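*Asks:* The structure's right below; bear with me while I get my questions together.
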Amino acid sequence: MTPSWGFVQLLYAAVIAGEAAVLLKFWRHRLAAIYPFFTLFISFQFLRSLTLIQISPRSELFGWIWIPTEILTWVLCYLVVFEIYSKVLDDYPGIRRATRLVLSVALGLCLSLAAATLWVDIAHGVEKFPILGAVNVVRRWAASTLTLFLLLMLGYLAWYPAPLKRNLIVHAVLNAFYCIAISVGVFYRNILGPDLARTLSVALGAVTVLVLAGWAALMTRGGEERMSSGAKLWSSRDQRRVLAQLAAINRALARQ
């Protein structure tokens with residue numbers, strides 16, 4: 001059963017309310033300055049949503065606004081993910097600078113792996129409008145790349161011996177969940193065609209509301225001060241030894 005347009009509008013309004021709630025939370029708890037790219041991303045999405053909800057999705061104007069802003073949305077998503085990565089190594093700026101090459105290689109690998117799966121979308125694509133089909137393929141590529149990168153990052157965080165801010169862990173998990181949902185949703189949209197577009201939009205909208213609720217509820221000022229104990233894979237002795245080695249490497253790199 002295809003959801004009614006009224007229900008879609010109601011869900012869209014819930015997304016806007018969620019974006020507003022996240023922005024309010026971040027400004028009130030002074031998190032906006034800590035996560036500037038994420039705040040920019042949510043602000044942009046909020047303004048975009050406020051604009052698009054007033055325009056019929058069947059109009060040309062909607063397409064002219066939706067397509068370029070969708071591309072910009074994914075550019076901002078990449079900046080958000082890089083921001084998370086940089087925060088992991090906040091205490092080790094020397095190591096952070098030295099691992100830029102590793103970051104580039106990891107991103108390139110994720111881009112390549114995600115691109116290798118796009119033949120399914122292209123071969124089975126049944127989109128009526130070629131430009132929309134092309135944009136959705138790019139959306140799936142971007143979402144799949146970030147999904148792979150975030151999963152790698154979560155694996156790294158599970159190994160990481162140093163204590164991490166609770167907010168950072170929550171932020172990474174929510175971003176990974178969001179990107180997985182978008183990647184899967186757009187994949188099905190690409191291979192099943194526009195007939196299920198509204199149903200999939202509702203599903204993705206519901207996921208977006210849940211993720212926004214997570215950001216609004218779980219990201220707190222206290223989460224910047226509350227630290228995890230580090231990965232459970234390490235004994236206390238090994239953890240202290242590895243942390244001392246990281247500190248020494250960081251000092252050496254910082255002097256270069």
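Following the order of the structure tokens, chains are lettered A, B, ..., residues in each are numbered from 1, and ligands are numbered from 1.
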Determine, counting only C-alpha atoms, which protein, DNA and RNA residues have an atom within 10 Å of an atom of segment 51-62 of chain A; residues of the same chain fewer than 4 positions away are not included. Present the result as a list in words.

*Replies:* Gln9, Tyr12, Ala13, Ile16, Gln45, Phe46, Leu47, Trp66 and Ile67 of chain A

*Asks:* Between A:Gly6, A:Gly185, A:Gly63, A:Pro36, which is the closest to Phe129 of chain A once you count only C-alpha atoms?

*Replies:* A:Gly63

*Asks:* Taking into account only C-alpha atoms, which residue in the set A:Arg97, A:Arg198, A:Arg221, A:Arg189 is nearest to Val8 of chain A?

*Replies:*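 The answer is A:Arg198, which sits nearest to Val8 of chain A.
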
*Asks:* To one decimal place in Å, what is the distance between atom CA of Leu31 of chain A and atom CA of Leu10 of chain A?

*Replies:*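 Computing it gives 28.7 Å between the two atoms.
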
*Asks:* Neighbouring residues of Leu107 of chain A were defined as those with any atom within 10 Å, considering only C-alpha atoms; residues of the same chain fewer than 6 positions away were excluded. Please report them as a list in words.

*Replies:*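 Near Leu107 of chain A, the qualifying residues are Leu101, Leu113, Thr145, Leu146, Leu148 and Phe149 of chain A.
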
*Asks:* How would the residues just chosen look if you wrote them out with N, CA, C and O atoms as a PDB file, in the first residue's frame?

*Replies:*
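Contents of result-v1.pdb, as written:
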ATOM      1  N   LEU A 101      47.785  10.500   4.806  1.00  0.00           N
ATOM      2  CA  LEU A 101      47.946   9.585   3.673  1.00  0.00           C
ATOM      3  C   LEU A 101      47.126   8.317   3.893  1.00  0.00           C
ATOM      4  O   LEU A 101      46.483   7.810   2.968  1.00  0.00           O
ATOM      5  N   LEU A 113      35.661   0.233  -3.865  1.00  0.00           N
ATOM      6  CA  LEU A 113      34.793  -0.900  -3.544  1.00  0.00           C
ATOM      7  C   LEU A 113      33.324  -0.558  -3.778  1.00  0.00           C
ATOM      8  O   LEU A 113      32.557  -1.369  -4.306  1.00  0.00           O
ATOM      9  N   THR A 145      30.114   4.491   0.002  1.00  0.00           N
ATOM     10  CA  THR A 145      31.497   4.822   0.351  1.00  0.00           C
ATOM     11  C   THR A 145      31.603   5.230   1.812  1.00  0.00           C
ATOM     12  O   THR A 145      32.477   4.747   2.550  1.00  0.00           O
ATOM     13  N   LEU A 146      30.715   6.111   2.242  1.00  0.00           N
ATOM     14  CA  LEU A 146      30.749   6.551   3.639  1.00  0.00           C
ATOM     15  C   LEU A 146      30.411   5.409   4.586  1.00  0.00           C
ATOM     16  O   LEU A 146      30.955   5.333   5.692  1.00  0.00           O
ATOM     17  N   LEU A 148      31.153   2.196   4.160  1.00  0.00           N
ATOM     18  CA  LEU A 148      32.368   1.392   4.291  1.00  0.00           C
ATOM     19  C   LEU A 148      33.405   2.100   5.155  1.00  0.00           C
ATOM     20  O   LEU A 148      34.041   1.490   6.022  1.00  0.00           O
ATOM     21  N   PHE A 149      33.569   3.399   4.923  1.00  0.00           N
ATOM     22  CA  PHE A 149      34.560   4.159   5.682  1.00  0.00           C
ATOM     23  C   PHE A 149      34.196   4.210   7.164  1.00  0.00           C
ATOM     24  O   PHE A 149      35.054   4.042   8.039  1.00  0.00           O
TER      25      PHE A 149
END

*Asks:* Of the candidates A:Met219, A:Leu164, A:Ile182, A:Ala176, which one gets nearest to Asp90 of chain A if we count only C-alpha atoms?

*Replies:*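 That would be A:Leu164, the residue with the smallest distance to Asp90 of chain A.
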
*Asks:* Could you give me, as a tab-separated table, a per-residue list for segment 155-219 of chain A showing, wherever an atom lies at most 7 Å from an atom of segment 19-26 of chain A, the closest pair of atoms and their distance in Å to one decimal, using only C-alpha atoms and sorting by chain then residue number from low to high?

*Replies:*
residue	atom	partner	partner_atom	distance
A:Leu212	CA	A:Glu19	CA	6.5
A:Trp215	CA	A:Val22	CA	6.4
A:Ala216	CA	A:Val22	CA	4.7

*Asks:* Let me see the file: selected residues, C-alpha atoms, as a short mmCIF file (atom, residue, chain, number, x, y, z; two decimals), in the first residue's frame.

*Replies:*
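Listing of again_3.cif after writing:
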data_model
loop_
_atom_site.label_atom_id
_atom_site.label_comp_id
_atom_site.auth_asym_id
_atom_site.auth_seq_id
_atom_site.Cartn_x
_atom_site.Cartn_y
_atom_site.Cartn_z
CA LEU A 212 17.83 12.94 14.48
CA TRP A 215 21.50 13.12 18.00
CA ALA A 216 19.10 15.33 19.95
#

*Asks:* For Leu200 of chain A, work out the shell of residues within 10 Å, counting only C-alpha atoms and skipping chain neighbours fewer than 5 positions away, then give it as a ChimeraX atom specification.

*Replies:* /A:2-3,182,184-186,188-189,194-195,205-206

*Asks:* Export N, CA and C atoms of the chosen residues as a PDB file, in the first residue's frame?

*Replies:*
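Writing done, so here's selection20.pdb:
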ATOM      1  N   THR A   2       0.655   2.124  -0.966  1.00  0.00           N
ATOM      2  CA  THR A   2       1.447   3.339  -1.077  1.00  0.00           C
ATOM      3  C   THR A   2       0.994   4.362  -0.041  1.00  0.00           C
ATOM      4  N   PRO A   3       1.914   4.912   0.732  1.00  0.00           N
ATOM      5  CA  PRO A   3       1.536   5.919   1.736  1.00  0.00           C
ATOM      6  C   PRO A   3       0.897   7.131   1.073  1.00  0.00           C
ATOM      7  N   ILE A 182      20.549   4.888   4.060  1.00  0.00           N
ATOM      8  CA  ILE A 182      20.465   5.604   2.788  1.00  0.00           C
ATOM      9  C   ILE A 182      20.980   4.727   1.649  1.00  0.00           C
ATOM     10  N   VAL A 184      21.147   1.423   1.410  1.00  0.00           N
ATOM     11  CA  VAL A 184      20.217   0.325   1.113  1.00  0.00           C
ATOM     12  C   VAL A 184      18.950   0.864   0.451  1.00  0.00           C
ATOM     13  N   GLY A 185      18.422   1.960   0.986  1.00  0.00           N
ATOM     14  CA  GLY A 185      17.193   2.528   0.441  1.00  0.00           C
ATOM     15  C   GLY A 185      17.345   2.979  -0.998  1.00  0.00           C
ATOM     16  N   VAL A 186      18.427   3.692  -1.291  1.00  0.00           N
ATOM     17  CA  VAL A 186      18.637   4.179  -2.658  1.00  0.00           C
ATOM     18  C   VAL A 186      18.940   3.014  -3.602  1.00  0.00           C
ATOM     19  N   TYR A 188      17.629  -0.025  -3.458  1.00  0.00           N
ATOM     20  CA  TYR A 188      16.334  -0.593  -3.842  1.00  0.00           C
ATOM     21  C   TYR A 188      15.559   0.355  -4.748  1.00  0.00           C
ATOM     22  N   ARG A 189      15.704   1.644  -4.507  1.00  0.00           N
ATOM     23  CA  ARG A 189      15.051   2.633  -5.378  1.00  0.00           C
ATOM     24  C   ARG A 189      15.582   2.524  -6.805  1.00  0.00           C
ATOM     25  N   PRO A 194      10.769   3.880  -9.910  1.00  0.00           N
ATOM     26  CA  PRO A 194      10.050   4.971  -9.254  1.00  0.00           C
ATOM     27  C   PRO A 194       8.709   4.579  -8.642  1.00  0.00           C
ATOM     28  N   ASP A 195       8.183   3.402  -8.986  1.00  0.00           N
ATOM     29  CA  ASP A 195       6.880   3.012  -8.442  1.00  0.00           C
ATOM     30  C   ASP A 195       6.912   2.882  -6.920  1.00  0.00           C
ATOM     31  N   GLY A 205      12.656   8.449   5.506  1.00  0.00           N
ATOM     32  CA  GLY A 205      12.248   9.555   6.368  1.00  0.00           C
ATOM     33  C   GLY A 205      12.114   9.117   7.812  1.00  0.00           C
ATOM     34  N   ALA A 206      11.552   7.920   8.014  1.00  0.00           N
ATOM     35  CA  ALA A 206      11.408   7.394   9.373  1.00  0.00           C
ATOM     36  C   ALA A 206      12.775   7.148  10.008  1.00  0.00           C
TER      37      ALA A 206
END

*Asks:* Distance atom CA of Val209 of chain A-atom CA of Leu76 of chain A, one decimal place?

*Replies:*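 Taking atom CA of Val209 of chain A and atom CA of Leu76 of chain A, their separation equals 18.8 Å.
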
*Asks:* Name the residues of segment 107-242 of chain A that come out as alpha helix (DSSP H) in a backbone DSSP run; write them as a PyMOL selection string.

*Replies:* chain A and resi 107-116+118-124+130-159+166-192+197-218+236-242

*Asks:* Given the selection you just returned, output its residues as a file containing C-alpha atoms, formatted as a tab-separated table (two decimals), in the first residue's frame.

*Replies:*
chain	number	residue	atom	x	y	z
A	107	LEU	CA	38.87	6.64	1.38
A	108	GLY	CA	40.16	5.68	-2.06
A	109	LEU	CA	39.69	2.01	-1.23
A	110	CYS	CA	36.13	2.62	-0.04
A	111	LEU	CA	35.34	4.67	-3.16
A	112	SER	CA	36.65	1.86	-5.37
A	113	LEU	CA	34.79	-0.90	-3.54
A	114	ALA	CA	31.55	1.07	-3.59
A	115	ALA	CA	31.97	1.88	-7.29
A	116	ALA	CA	32.47	-1.82	-8.05
A	118	LEU	CA	27.23	0.17	-8.95
A	119	TRP	CA	26.90	-2.07	-12.00
A	120	VAL	CA	23.86	-3.62	-10.31
A	121	ASP	CA	22.13	-0.24	-10.08
A	122	ILE	CA	23.05	0.67	-13.65
A	123	ALA	CA	22.17	-2.71	-15.18
A	124	HIS	CA	18.80	-2.99	-13.44
A	130	PRO	CA	17.95	9.70	-16.93
A	131	ILE	CA	19.23	12.65	-14.91
A	132	LEU	CA	17.38	11.44	-11.81
A	133	GLY	CA	18.73	7.95	-12.36
A	134	ALA	CA	22.27	9.32	-12.61
A	135	VAL	CA	21.86	11.36	-9.43
A	136	ASN	CA	20.53	8.34	-7.54
A	137	VAL	CA	23.48	6.24	-8.68
A	138	VAL	CA	25.82	8.94	-7.38
A	139	ARG	CA	23.82	9.06	-4.13
A	140	ARG	CA	24.23	5.33	-3.69
A	141	TRP	CA	27.94	5.56	-4.44
A	142	ALA	CA	28.42	8.35	-1.91
A	143	ALA	CA	26.36	6.61	0.77
A	144	SER	CA	28.04	3.24	0.22
A	145	THR	CA	31.50	4.82	0.35
A	146	LEU	CA	30.75	6.55	3.64
A	147	THR	CA	29.20	3.36	4.99
A	148	LEU	CA	32.37	1.39	4.29
A	149	PHE	CA	34.56	4.16	5.68
A	150	LEU	CA	32.48	4.49	8.85
A	151	LEU	CA	32.48	0.73	9.38
A	152	LEU	CA	36.27	0.79	9.11
A	153	MET	CA	36.31	3.65	11.59
A	154	LEU	CA	34.05	1.81	14.03
A	155	GLY	CA	36.34	-1.20	13.79
A	156	TYR	CA	39.27	1.10	14.53
A	157	LEU	CA	37.43	2.62	17.50
A	158	ALA	CA	36.74	-0.88	18.84
A	159	TRP	CA	40.51	-1.48	18.82
A	166	ARG	CA	31.07	9.35	24.66
A	167	ASN	CA	29.70	11.86	22.14
A	168	LEU	CA	32.24	10.77	19.56
A	169	ILE	CA	31.23	7.12	19.80
A	170	VAL	CA	27.52	7.98	19.62
A	171	HIS	CA	28.13	10.32	16.69
A	172	ALA	CA	30.06	7.70	14.71
A	173	VAL	CA	27.44	4.99	15.31
A	174	LEU	CA	24.53	7.25	14.33
A	175	ASN	CA	26.30	8.38	11.16
A	176	ALA	CA	27.06	4.79	10.20
A	177	PHE	CA	23.44	3.75	10.77
A	178	TYR	CA	22.20	6.70	8.71
A	179	CYS	CA	24.55	6.00	5.80
A	180	ILE	CA	23.70	2.28	5.79
A	181	ALA	CA	19.98	3.11	5.62
A	182	ILE	CA	20.46	5.60	2.79
A	183	SER	CA	22.69	3.21	0.85
A	184	VAL	CA	20.22	0.32	1.11
A	185	GLY	CA	17.19	2.53	0.44
A	186	VAL	CA	18.64	4.18	-2.66
A	187	PHE	CA	19.87	0.80	-3.92
A	188	TYR	CA	16.33	-0.59	-3.84
A	189	ARG	CA	15.05	2.63	-5.38
A	190	ASN	CA	17.49	2.22	-8.26
A	191	ILE	CA	16.67	-1.40	-9.07
A	192	LEU	CA	12.93	-1.38	-8.36
A	197	ALA	CA	9.74	5.85	-4.59
A	198	ARG	CA	7.17	7.13	-2.11
A	199	THR	CA	7.29	4.00	0.05
A	200	LEU	CA	11.08	4.08	0.21
A	201	SER	CA	11.03	7.81	0.89
A	202	VAL	CA	8.77	7.18	3.87
A	203	ALA	CA	11.10	4.45	5.14
A	204	LEU	CA	14.15	6.68	4.80
A	205	GLY	CA	12.25	9.55	6.37
A	206	ALA	CA	11.41	7.39	9.37
A	207	VAL	CA	15.07	6.40	9.72
A	208	THR	CA	16.07	10.06	9.48
A	209	VAL	CA	13.66	10.97	12.28
A	210	LEU	CA	15.10	8.21	14.47
A	211	VAL	CA	18.68	9.30	13.83
A	212	LEU	CA	17.83	12.94	14.48
A	213	ALA	CA	16.16	11.90	17.72
A	214	GLY	CA	19.36	10.05	18.62
A	215	TRP	CA	21.50	13.12	18.00
A	216	ALA	CA	19.10	15.33	19.95
A	217	ALA	CA	18.83	12.97	22.91
A	218	LEU	CA	22.28	11.39	23.17
A	236	SER	CA	45.42	-2.46	31.73
A	237	ARG	CA	49.15	-3.02	31.46
A	238	ASP	CA	49.15	-3.25	27.66
A	239	GLN	CA	46.86	-0.25	27.41
A	240	ARG	CA	49.23	1.91	29.45
A	241	ARG	CA	52.18	0.72	27.38
A	242	VAL	CA	50.47	1.45	24.04

*Asks:* Please indicate the distance in Å from atom CA of Ala33 of chain A to atom CA of Val75 of chain A, rounded to one decimal place.

*Replies:* 19.7 Å
